[in-house]
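Engineer: What follows is final.txt, made up of compact mmCIF, C-alpha atoms and all ligand atoms:
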# COMPACT_ATOMS: atom_id res chain seq x y z
CA MET A 487 27.72 116.65 72.49
CA ALA A 488 31.18 118.15 71.86
CA GLU A 489 33.89 117.72 74.46
CA VAL A 490 36.40 120.02 76.14
CA ASN A 491 39.56 118.33 77.40
CA VAL A 492 40.44 119.76 80.79
CA ALA A 493 43.80 119.87 82.59
CA LEU A 494 43.56 120.76 86.28
CA ILE A 495 46.70 122.03 88.04
CA GLY A 496 46.51 121.52 91.84
CA TYR A 497 44.43 118.89 93.56
CA ALA A 498 43.94 119.88 97.19
CA PHE A 499 41.07 122.07 98.42
CA MET A 500 40.10 123.83 95.19
CA GLY A 501 41.29 120.92 93.08
CA ARG A 502 38.69 118.74 94.80
CA ALA A 503 35.96 121.39 94.48
CA HIS A 504 36.67 121.88 90.76
CA SER A 505 36.90 118.12 90.10
CA ASN A 506 33.48 117.71 91.68
CA ALA A 507 32.12 120.50 89.48
CA TYR A 508 33.42 118.88 86.27
CA ARG A 509 31.88 115.56 87.34
CA GLN A 510 28.48 117.02 88.25
CA VAL A 511 27.96 119.58 85.51
CA THR A 512 27.04 117.23 82.65
CA PRO A 513 24.49 115.02 84.43
CA PHE A 514 22.71 117.98 86.04
CA PHE A 515 23.05 120.80 83.47
CA GLN A 516 23.73 119.13 80.10
CA PRO A 517 26.09 121.91 78.93
CA ALA A 518 26.62 122.38 75.19
CA LEU A 519 30.26 121.38 75.74
CA ARG A 520 30.98 118.39 77.98
CA PRO A 521 34.16 118.55 80.11
CA ARG A 522 36.42 115.53 79.79
CA MET A 523 38.58 115.18 82.89
CA LYS A 524 41.78 114.47 81.01
CA VAL A 525 44.82 115.31 83.19
CA LEU A 526 45.35 116.16 86.82
CA CYS A 527 48.69 117.81 87.57
CA GLY A 528 50.64 118.15 90.83
CA ARG A 529 54.24 117.90 91.94
CA ASP A 530 54.39 114.54 93.71
CA GLY A 531 53.95 111.66 91.25
CA ALA A 532 52.49 109.09 93.64
CA ALA A 533 50.18 111.57 95.36
CA VAL A 534 48.84 113.02 92.12
CA ARG A 535 48.23 109.51 90.70
CA GLU A 536 46.24 108.60 93.82
CA ALA A 537 44.30 111.88 93.60
CA ALA A 538 43.57 111.39 89.89
CA ASP A 539 42.05 107.96 90.60
CA ARG A 540 40.05 109.23 93.55
CA LEU A 541 38.76 112.39 91.84
CA GLY A 542 38.01 110.85 88.45
CA TRP A 543 40.83 112.08 86.14
CA GLU A 544 42.07 109.93 83.26
CA GLU A 545 45.75 110.76 83.66
CA ALA A 546 48.16 112.18 86.23
CA ALA A 547 51.16 114.40 85.47
CA THR A 548 53.86 116.25 87.41
CA ASP A 549 55.06 118.93 84.98
CA TRP A 550 52.47 121.65 84.32
CA ARG A 551 54.59 123.07 81.48
CA GLU A 552 54.27 119.81 79.56
CA VAL A 553 50.58 119.61 80.37
CA VAL A 554 49.63 123.09 79.15
CA ALA A 555 51.60 122.54 75.92
CA ARG A 556 49.71 119.33 75.05
CA LYS A 557 47.74 119.50 71.81
CA ASP A 558 44.84 117.51 73.27
CA ILE A 559 44.16 119.99 76.09
CA ASP A 560 41.52 122.72 75.54
CA LEU A 561 41.03 124.21 79.00
CA VAL A 562 43.62 124.76 81.75
CA ASP A 563 42.27 125.13 85.28
CA VAL A 564 44.69 126.90 87.65
CA SER A 565 43.93 125.78 91.22
CA THR A 566 47.36 126.32 92.76
CA PRO A 567 48.60 128.99 95.22
CA GLY A 568 48.81 132.56 93.92
CA ASP A 569 52.55 132.60 93.21
CA THR A 570 52.02 130.19 90.28
CA HIS A 571 48.87 131.68 88.72
CA ALA A 572 50.58 134.15 86.37
CA GLU A 573 53.19 131.75 85.05
CA ILE A 574 50.73 128.92 84.40
CA ALA A 575 47.92 131.10 83.00
CA ILE A 576 50.24 133.00 80.65
CA ALA A 577 51.83 129.76 79.36
CA ALA A 578 48.37 128.27 78.86
CA ALA A 579 47.15 131.33 76.94
CA ARG A 580 50.24 131.29 74.73
CA ALA A 581 49.50 127.62 74.00
CA ASP A 582 46.03 128.74 72.88
CA LYS A 583 44.10 127.17 75.78
CA ALA A 584 41.10 128.60 77.58
CA VAL A 585 42.07 129.49 81.17
CA PHE A 586 39.98 129.16 84.33
CA CYS A 587 41.91 130.60 87.27
CA GLU A 588 41.33 130.67 91.00
CA LYS A 589 41.17 133.96 92.89
CA PRO A 590 42.80 136.31 93.58
CA LEU A 591 43.94 136.45 89.96
CA ALA A 592 47.59 136.94 90.97
CA ASN A 593 49.82 138.01 93.82
CA THR A 594 50.42 141.49 92.40
CA LEU A 595 48.57 143.92 90.17
CA ARG A 596 51.41 143.77 87.65
CA GLU A 597 51.12 140.01 87.31
CA ALA A 598 47.34 140.24 86.99
CA GLU A 599 47.70 142.82 84.20
CA GLU A 600 50.22 140.58 82.41
CA MET A 601 47.76 137.70 82.61
CA LEU A 602 44.98 139.83 81.14
CA ARG A 603 47.26 140.99 78.31
CA ALA A 604 48.24 137.37 77.56
CA VAL A 605 44.68 136.02 77.32
CA LYS A 606 43.58 139.00 75.22
CA LYS A 607 46.52 138.68 72.86
CA ALA A 608 45.87 134.95 72.43
CA GLY A 609 42.13 135.52 72.02
CA VAL A 610 41.32 132.66 74.42
CA THR A 611 38.41 132.31 76.84
CA HIS A 612 39.23 133.35 80.42
CA MET A 613 37.38 133.21 83.70
CA ILE A 614 38.22 133.79 87.38
CA CYS A 615 36.62 131.59 90.02
CA HIS A 616 34.61 133.98 92.18
CA ASN A 617 32.11 131.20 92.74
CA TYR A 618 29.90 133.02 95.28
CA ARG A 619 28.29 135.04 92.49
CA ARG A 620 26.56 131.79 91.57
CA ALA A 621 25.07 130.91 94.93
CA PRO A 622 21.41 131.08 93.84
CA ALA A 623 20.60 133.57 96.64
CA VAL A 624 23.36 135.91 95.42
CA THR A 625 22.27 135.70 91.79
CA PHE A 626 18.71 136.33 92.96
CA ALA A 627 19.89 139.36 94.97
CA LYS A 628 21.42 140.68 91.76
CA GLN A 629 18.09 140.26 89.94
CA LEU A 630 16.27 142.16 92.72
CA ILE A 631 18.78 145.03 92.63
CA ASP A 632 18.79 145.23 88.81
CA SER A 633 14.98 145.26 88.71
CA GLY A 634 15.00 148.31 90.99
CA ARG A 635 13.39 146.67 94.04
CA LEU A 636 15.97 148.22 96.37
CA GLY A 637 15.79 151.66 94.73
CA GLU A 638 18.99 153.68 94.83
CA VAL A 639 21.69 151.56 96.49
CA ARG A 640 23.41 153.42 99.30
CA HIS A 641 25.28 150.91 101.47
CA PHE A 642 27.29 147.73 100.99
CA ARG A 643 28.52 146.03 104.16
CA GLY A 644 30.67 142.98 103.47
CA THR A 645 32.24 140.83 106.17
CA TYR A 646 34.23 137.67 105.58
CA LEU A 647 35.32 136.17 108.89
CA GLN A 648 37.16 132.93 109.71
CA ASP A 649 39.09 131.68 112.74
CA TRP A 650 41.50 129.00 111.53
CA ILE A 651 44.74 130.81 112.48
CA VAL A 652 43.65 132.19 115.84
CA ASP A 653 45.91 129.67 117.62
CA ALA A 654 49.45 131.12 117.81
CA ASP A 655 50.84 127.59 117.33
CA PHE A 656 49.17 127.21 113.94
CA PRO A 657 52.08 126.73 111.50
CA LEU A 658 53.44 129.11 108.91
CA VAL A 659 51.63 127.56 105.91
CA TRP A 660 51.80 129.06 102.38
CA ARG A 661 48.78 131.25 103.04
CA LEU A 662 50.82 133.16 105.66
CA GLN A 663 53.75 133.87 103.34
CA ARG A 664 53.60 136.88 101.05
CA GLU A 665 55.83 135.36 98.34
CA LYS A 666 53.35 132.46 98.04
CA ALA A 667 49.99 134.10 98.75
CA GLY A 668 50.51 137.78 97.91
CA SER A 669 48.55 138.87 100.97
CA GLY A 670 46.56 137.32 103.81
CA ALA A 671 42.90 137.80 104.66
CA LEU A 672 42.91 140.63 102.13
CA GLY A 673 43.52 138.60 98.96
CA ASP A 674 42.06 135.38 100.28
CA LEU A 675 38.78 136.64 101.74
CA ALA A 676 38.26 140.36 101.04
CA SER A 677 38.77 139.62 97.31
CA HIS A 678 35.50 137.64 97.42
CA SER A 679 33.66 140.49 99.18
CA ILE A 680 35.09 142.97 96.66
CA ASP A 681 33.85 140.77 93.83
CA LEU A 682 30.38 140.58 95.37
CA ALA A 683 30.39 144.35 95.90
CA ARG A 684 31.36 144.94 92.26
CA PHE A 685 28.82 142.38 91.02
CA LEU A 686 25.92 143.75 93.07
CA VAL A 687 26.63 147.46 93.54
CA GLY A 688 29.22 148.56 90.96
CA GLU A 689 32.80 149.71 90.61
CA ILE A 690 34.75 150.75 93.70
CA VAL A 691 36.54 154.01 92.99
CA GLU A 692 38.17 155.03 96.27
CA VAL A 693 39.26 153.22 99.44
CA ALA A 694 40.67 153.74 102.91
CA GLY A 695 42.17 150.75 104.68
CA ALA A 696 43.87 149.13 107.64
CA LEU A 697 45.80 145.86 107.73
CA GLU A 698 47.00 144.07 110.86
CA THR A 699 49.16 141.06 111.64
CA PHE A 700 48.49 140.09 115.24
CA ILE A 701 50.73 137.02 115.43
CA LYS A 702 54.01 137.98 113.83
CA GLU A 703 55.91 134.67 114.08
CA ARG A 704 54.70 131.09 113.77
CA PRO A 705 56.21 127.58 113.91
CA LEU A 706 57.65 126.33 110.63
CA PRO A 707 55.51 123.48 109.23
CA ASP A 708 58.45 121.06 108.88
CA LYS A 709 60.48 122.27 111.94
CA PRO A 710 57.87 123.13 114.60
CA ARG A 711 60.55 124.10 117.17
CA LYS A 712 61.70 126.94 114.91
CA LYS A 713 59.65 130.00 114.05
CA GLY A 714 59.39 132.09 110.91
CA ARG A 715 57.96 135.53 110.21
CA VAL A 716 54.36 135.93 109.08
CA THR A 717 54.53 138.27 106.08
CA VAL A 718 50.82 138.77 105.34
CA ASP A 719 47.90 140.44 107.10
CA ASP A 720 45.76 138.49 109.57
CA ALA A 721 42.97 141.04 109.14
CA ALA A 722 41.99 143.70 106.60
CA ILE A 723 39.42 146.46 106.91
CA SER A 724 38.39 148.95 104.27
CA LEU A 725 36.00 151.83 103.71
CA VAL A 726 34.95 152.03 100.07
CA ARG A 727 33.20 154.49 97.75
CA PHE A 728 31.35 153.26 94.67
CA ALA A 729 31.11 155.03 91.30
CA GLY A 730 27.31 155.21 91.67
CA GLY A 731 27.47 157.12 94.97
CA ALA A 732 27.07 154.25 97.45
CA ILE A 733 29.52 153.81 100.32
CA GLY A 734 30.56 150.60 101.99
CA THR A 735 32.72 148.63 104.35
CA ILE A 736 34.66 145.44 103.72
CA GLU A 737 36.14 143.50 106.61
CA ALA A 738 38.06 140.24 106.36
CA THR A 739 39.85 138.31 109.07
CA ARG A 740 41.01 134.82 109.96
CA MET A 741 41.09 135.84 113.63
CA ALA A 742 37.39 135.84 114.62
CA PRO A 743 36.90 132.92 117.05
CA GLY A 744 33.72 131.02 116.27
CA ARG A 745 33.38 132.40 112.75
CA LYS A 746 34.12 129.58 110.32
CA ASN A 747 33.21 130.84 106.86
CA TYR A 748 31.12 133.89 107.71
CA ASN A 749 30.85 135.44 104.26
CA ARG A 750 28.06 137.91 104.77
CA PHE A 751 26.83 141.10 103.12
CA GLU A 752 24.01 143.54 103.64
CA ILE A 753 22.89 146.05 101.05
CA ASN A 754 20.62 149.00 101.82
CA GLY A 755 18.83 151.01 99.15
CA SER A 756 16.28 153.80 99.20
CA GLU A 757 13.40 151.29 98.92
CA GLY A 758 14.65 148.25 100.79
CA SER A 759 17.47 146.07 102.03
CA LEU A 760 18.81 142.58 101.55
CA ALA A 761 21.26 140.40 103.45
CA PHE A 762 23.10 137.16 102.67
CA ASP A 763 25.11 134.80 104.87
CA LEU A 764 27.03 131.98 103.18
CA GLU A 765 26.55 129.74 106.21
CA ARG A 766 22.80 129.92 105.44
CA MET A 767 23.34 130.11 101.72
CA ASN A 768 19.90 128.93 100.57
CA GLU A 769 18.31 131.97 102.19
CA LEU A 770 18.12 135.66 101.37
CA GLU A 771 16.81 138.18 103.89
CA VAL A 772 14.83 141.01 102.31
CA PHE A 773 12.95 144.08 103.48
CA PHE A 774 10.85 146.25 101.19
CA ARG A 775 9.46 149.62 102.29
CA SER A 776 6.58 149.10 99.85
CA ASP A 777 5.24 146.15 101.86
CA PRO A 778 1.94 146.98 103.59
CA GLY A 779 2.25 148.90 106.86
CA GLY A 780 1.74 146.84 109.97
CA VAL A 781 3.42 143.75 108.51
CA GLN A 782 6.67 145.32 107.44
CA GLY A 783 9.84 143.57 108.51
CA PHE A 784 12.73 141.52 107.23
CA ARG A 785 11.63 138.24 105.72
CA ARG A 786 13.57 135.16 104.82
CA ILE A 787 13.22 133.93 101.24
CA LEU A 788 14.18 130.30 100.72
CA VAL A 789 15.92 130.60 97.36
CA THR A 790 14.91 127.23 95.93
CA GLU A 791 11.88 128.02 93.75
CA ALA A 792 12.63 126.69 90.30
CA ALA A 793 10.48 129.28 88.54
CA ASP A 794 12.24 132.33 89.98
CA HIS A 795 15.61 131.36 91.31
CA PRO A 796 18.64 130.91 89.05
CA PHE A 797 20.41 127.53 88.81
CA VAL A 798 18.23 125.60 91.30
CA LYS A 799 15.94 123.99 88.76
CA ALA A 800 18.80 121.74 87.69
CA TRP A 801 18.91 120.21 91.16
CA TRP A 802 16.05 119.24 93.47
CA PRO A 803 12.42 120.18 94.18
CA PRO A 804 11.79 123.43 96.14
CA GLY A 805 13.11 123.37 99.69
CA HIS A 806 15.58 120.58 98.97
CA ILE A 807 18.58 122.74 99.63
CA ILE A 808 21.98 122.83 97.95
CA GLY A 809 25.48 123.58 99.27
CA TYR A 810 28.91 125.13 98.87
CA GLU A 811 30.07 122.76 96.14
CA HIS A 812 27.16 123.65 93.88
CA THR A 813 28.52 127.19 93.42
CA PHE A 814 31.51 125.69 91.58
CA THR A 815 29.30 123.52 89.37
CA HIS A 816 27.28 126.62 88.40
CA THR A 817 30.48 128.52 87.63
CA VAL A 818 31.86 125.70 85.47
CA TYR A 819 28.50 125.41 83.71
CA ASP A 820 28.57 129.09 82.72
CA LEU A 821 32.20 128.75 81.62
CA LEU A 822 31.33 125.83 79.33
CA GLU A 823 28.25 127.59 77.93
CA ALA A 824 30.33 130.70 77.21
CA MET A 825 32.98 128.60 75.46
CA ALA A 826 30.29 126.92 73.36
CA ALA A 827 28.80 130.28 72.41
CA GLY A 828 32.19 131.88 71.74
CA LYS A 829 31.45 134.51 74.40
CA LEU A 830 33.49 135.74 77.34
CA PRO A 831 32.19 134.41 80.68
CA SER A 832 31.89 136.58 83.74
CA PRO A 833 33.73 137.21 86.00
CA ASN A 834 36.81 137.05 83.80
CA PHE A 835 40.38 138.34 83.95
CA GLU A 836 39.13 141.93 83.42
CA ASP A 837 37.24 141.51 86.69
CA GLY A 838 40.31 139.86 88.22
CA VAL A 839 42.41 142.92 87.35
CA ARG A 840 39.76 145.36 88.63
CA ASN A 841 39.55 143.36 91.85
CA GLN A 842 43.34 143.38 92.16
CA LYS A 843 43.34 147.17 91.70
CA VAL A 844 41.07 147.46 94.73
CA LEU A 845 43.29 145.09 96.76
CA ASP A 846 46.34 147.10 95.72
CA ALA A 847 44.64 150.39 96.64
CA ILE A 848 43.71 149.03 100.09
CA VAL A 849 47.37 148.14 100.72
CA ARG A 850 48.46 151.64 99.64
CA ALA A 851 45.74 153.26 101.72
CA ALA A 852 46.72 151.22 104.78
CA ARG A 853 50.38 152.19 104.35
CA SER A 854 49.70 155.89 103.85
CA ARG A 855 46.74 156.06 106.27
CA ARG A 856 44.88 158.07 103.62
CA TRP A 857 42.03 157.62 101.12
CA VAL A 858 43.39 156.28 97.83
CA LYS A 859 41.83 156.32 94.35
CA VAL A 860 41.49 152.89 92.74
N1 LIG B 1 37.06 130.17 95.13
C1 LIG B 1 37.24 129.95 96.42
O1 LIG B 1 36.32 130.11 97.20
C2 LIG B 1 38.58 129.52 96.94
C3 LIG B 1 38.68 128.83 98.16
C4 LIG B 1 39.94 128.40 98.57
C5 LIG B 1 41.06 128.69 97.81
N2 LIG B 1 40.93 129.40 96.65
C6 LIG B 1 42.11 129.71 95.81
O2 LIG B 1 42.51 128.52 95.15
C7 LIG B 1 43.92 128.48 95.00
C8 LIG B 1 44.45 127.20 95.64
O3 LIG B 1 44.06 127.18 97.00
P1 LIG B 1 43.74 125.82 97.77
O4 LIG B 1 42.95 126.20 98.97
O5 LIG B 1 43.23 124.80 96.85
O6 LIG B 1 45.22 125.45 98.22
P2 LIG B 1 45.76 124.03 98.69
O7 LIG B 1 46.99 124.28 99.47
O8 LIG B 1 44.66 123.24 99.30
O9 LIG B 1 46.14 123.33 97.29
C9 LIG B 1 47.13 123.84 96.44
C10 LIG B 1 47.46 122.78 95.41
O10 LIG B 1 48.41 123.32 94.48
C11 LIG B 1 49.47 122.38 94.31
N3 LIG B 1 50.66 123.12 93.88
C12 LIG B 1 51.33 124.06 94.57
N4 LIG B 1 52.36 124.52 93.80
C13 LIG B 1 52.32 123.83 92.64
C14 LIG B 1 53.11 123.84 91.46
N5 LIG B 1 54.17 124.66 91.34
N6 LIG B 1 52.78 122.99 90.45
C15 LIG B 1 51.72 122.17 90.56
N7 LIG B 1 50.93 122.12 91.65
C16 LIG B 1 51.24 122.95 92.68
C17 LIG B 1 49.58 121.72 95.67
O11 LIG B 1 50.28 120.50 95.58
C18 LIG B 1 48.09 121.53 96.00
O12 LIG B 1 47.58 120.40 95.33
C19 LIG B 1 44.45 129.75 95.66
O13 LIG B 1 44.61 130.73 94.66
C20 LIG B 1 43.33 130.16 96.60
O14 LIG B 1 43.26 131.55 96.85
C21 LIG B 1 39.71 129.79 96.21
Would you mind writing the file's structure down as structure tokens?

Structural biologist:
Amino acid sequence: MAEVNVALIGYAFMGRAHSNAYRQVTPFFQPALRPRMKVLCGRDGAAVREAADRLGWEEAATDWREVVARKDIDLVDVSTPGDTHAEIAIAAARADKAVFCEKPLANTLREAEEMLRAVKKAGVTHMICHNYRRAPAVTFAKQLIDSGRLGEVRHFRGTYLQDWIVDADFPLVWRLQREKAGSGALGDLASHSIDLARFLVGEIVEVAGALETFIKERPLPDKPRKKGRVTVDDAAISLVRFAGGAIGTIEATRMAPGRKNYNRFEINGSEGSLAFDLERMNELEVFFRSDPGGVQGFRRILVTEAADHPFVKAWWPPGHIIGYEHTFTHTVYDLLEAMAAGKLPSPNFEDGVRNQKVLDAIVRAARSRRWVKV
């Protein structure tokens, strides 16, 4: 089996999730290309060395520029905050490496477009990590929609709710600073709902929007007695129109007490409906009008049947459920298979740019308080 030498930049939340995916993908999926966990890169030498040992990387490094230029690296994985995505991804593409980048693709539409130009010019493989597409229930929902079971799709209702900044004393971390994160709940959470909407329903062509920052100042992480300004949205709401005629809503917030990672969508078509909730990610709720009268109603499909449900056959027998981390393993598997086949995986930087155009349009719509074309 041929190998792909991977360099991972960033080793905290997503760095751990991606490391786990590279470790699990070969034993469970036997991809045509096997990832070799070559270098982990961060900024603090001692901390990155400790993380490399713990997460299973051969080497640790502190200068991403040196790492992406190395001849023995084939794939660069960008798992850092948004302000570094463009610089790292463009340098990696210019060094002829495949690039796997976390979402949102960049902090601005311009940066995202530059990234797309760079990977196209270099002719390298590129992928963006919208991992929820590969929750088996979501992939199964896509199969149901594509096979026509829902009929003509009319509604998409996406909500992505969390509560981790509801406390006004929560510090001003990078995710609350526009220069680091680009935006708040919008880019962090709504970008996932937008990707699911595009994946399942189609292109979004027009949006209206509202953004709100409820807590405008927060304690500085290193000087808790001092406060700094929050420069991103706490909450984002959008009405959307799809190219195919459907309409939808997308709501994202980190200010919904009790909601931890409530990534939910419901889709209604002329012949039926389906609903997904990440916190019950092995299940899909479906309703079909064609079901016999008298027993019609929503039913809960446990999406673990190897014969019908994508990805699950690599894991456990039916009913032996899987979790959040598996979505990353599935994503990495498809990336490796695409690299082996010389094909472009999906979603890729084209999708990242289209997603960013929707994010950008929501910001413009919120500012102007008008509908805006994407
Ligand atoms: N796919 C998902 O579901 C998902 C979930 C969470 C975060 N994300 C995305 O992943 C990215 C990282 O988020 P996170 O939650 O892992 O953040 P994090 O704060 O947990 O980790 C960021 C990592 O990047 C490192 N880093 C920061 N600047 C760096 C630099 N200049 N050079 C090298 N390393 C640097 C930090 O040391 C840290 O290891 C963001 O783009 C975020 O939007 C995606």

Engineer: Within 6 Å of ligand LIG 1 (chain B), counting only C-alpha atoms and all ligand atoms: which residues, as a ChimeraX atom specification?

Structural biologist: /A:495-501,528-529,565-568,588-590,615-617,674

Engineer: What does the structure give for the distance between CA of Asp558 (chain A) and CA of Asp820 (chain A), in Å to one decimal?

Structural biologist: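 Computed distance, CA of Asp558 (chain A) to CA of Asp820 (chain A), equals 22.1 Å.
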
Engineer: Counting all atoms listed in the file, which residues of region 491-591 of chain A fall within 12 Å of region 785-809 of chain A, and what is the closest atom pair for each with its distance in Å at one decimal, ordered by chain and rising number, as CSV?

Structural biologist:
residue,atom,partner,partner_atom,distance
A:Ala503,CA,A:Gly809,CA,11.7
A:Gln510,CA,A:Trp801,CA,10.5
A:Val511,CA,A:Ala800,CA,9.7
A:Thr512,CA,A:Ala800,CA,10.7
A:Pro513,CA,A:Ala800,CA,9.4
A:Phe514,CA,A:Ala800,CA,5.7
A:Phe515,CA,A:Ala800,CA,6.1
A:Gln516,CA,A:Ala800,CA,9.4
A:Pro517,CA,A:Ala800,CA,11.4

Engineer: I want to know what sits within 9 Å of Val585 (chain A), based on only C-alpha atoms, with residues of the same chain fewer than 2 positions away left out; could you give that as a list in words?

Structural biologist: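 What passes the distance filter is Asp560, Leu561, Val562, Asp563, Val564, Ala575, Ile576, Ala578, Ala579, Lys583, Cys587, Val605, Val610, Thr611, His612, Met613 and Ile614 of chain A.
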
Engineer: List every protein, DNA or RNA residue with an atom no more than 9 Å from (28.1, 125.7, 86.2) in the file's coordinates, counting all atoms listed in the file, and format the result as a list in words.

Structural biologist: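 Those within range, by chain then number, are Ala507, Tyr508, Gln510, Val511, Phe515, Pro517, Arg620, Phe797, His812, Thr813, Phe814, Thr815, His816, Thr817, Val818, Tyr819, Asp820, Leu821, Leu822 and Glu823 of chain A.
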
Engineer: Mind pulling up the distance from CA of Glu689 (chain A) to CA of Arg727 (chain A)?

Structural biologist: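 Interatomic distance, CA of Arg727 (chain A) to CA of Glu689 (chain A): 8.6 Å.
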
Engineer: May I have the residues within 9 Å of Gln648 (chain A) as a ChimeraX atom specification, using only C-alpha atoms and disregarding those fewer than 2 positions away in the same chain?

Structural biologist: /A:646,650-652,675,738-749

Engineer: May I ask which of the residues A:Gly695, A:Gly731, A:Gly714, A:Gly828 is the closest one to Ala518 (chain A), counting all atoms listed in the file?

Structural biologist: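 Answer, going by the shortest atom-to-atom distance: A:Gly828.
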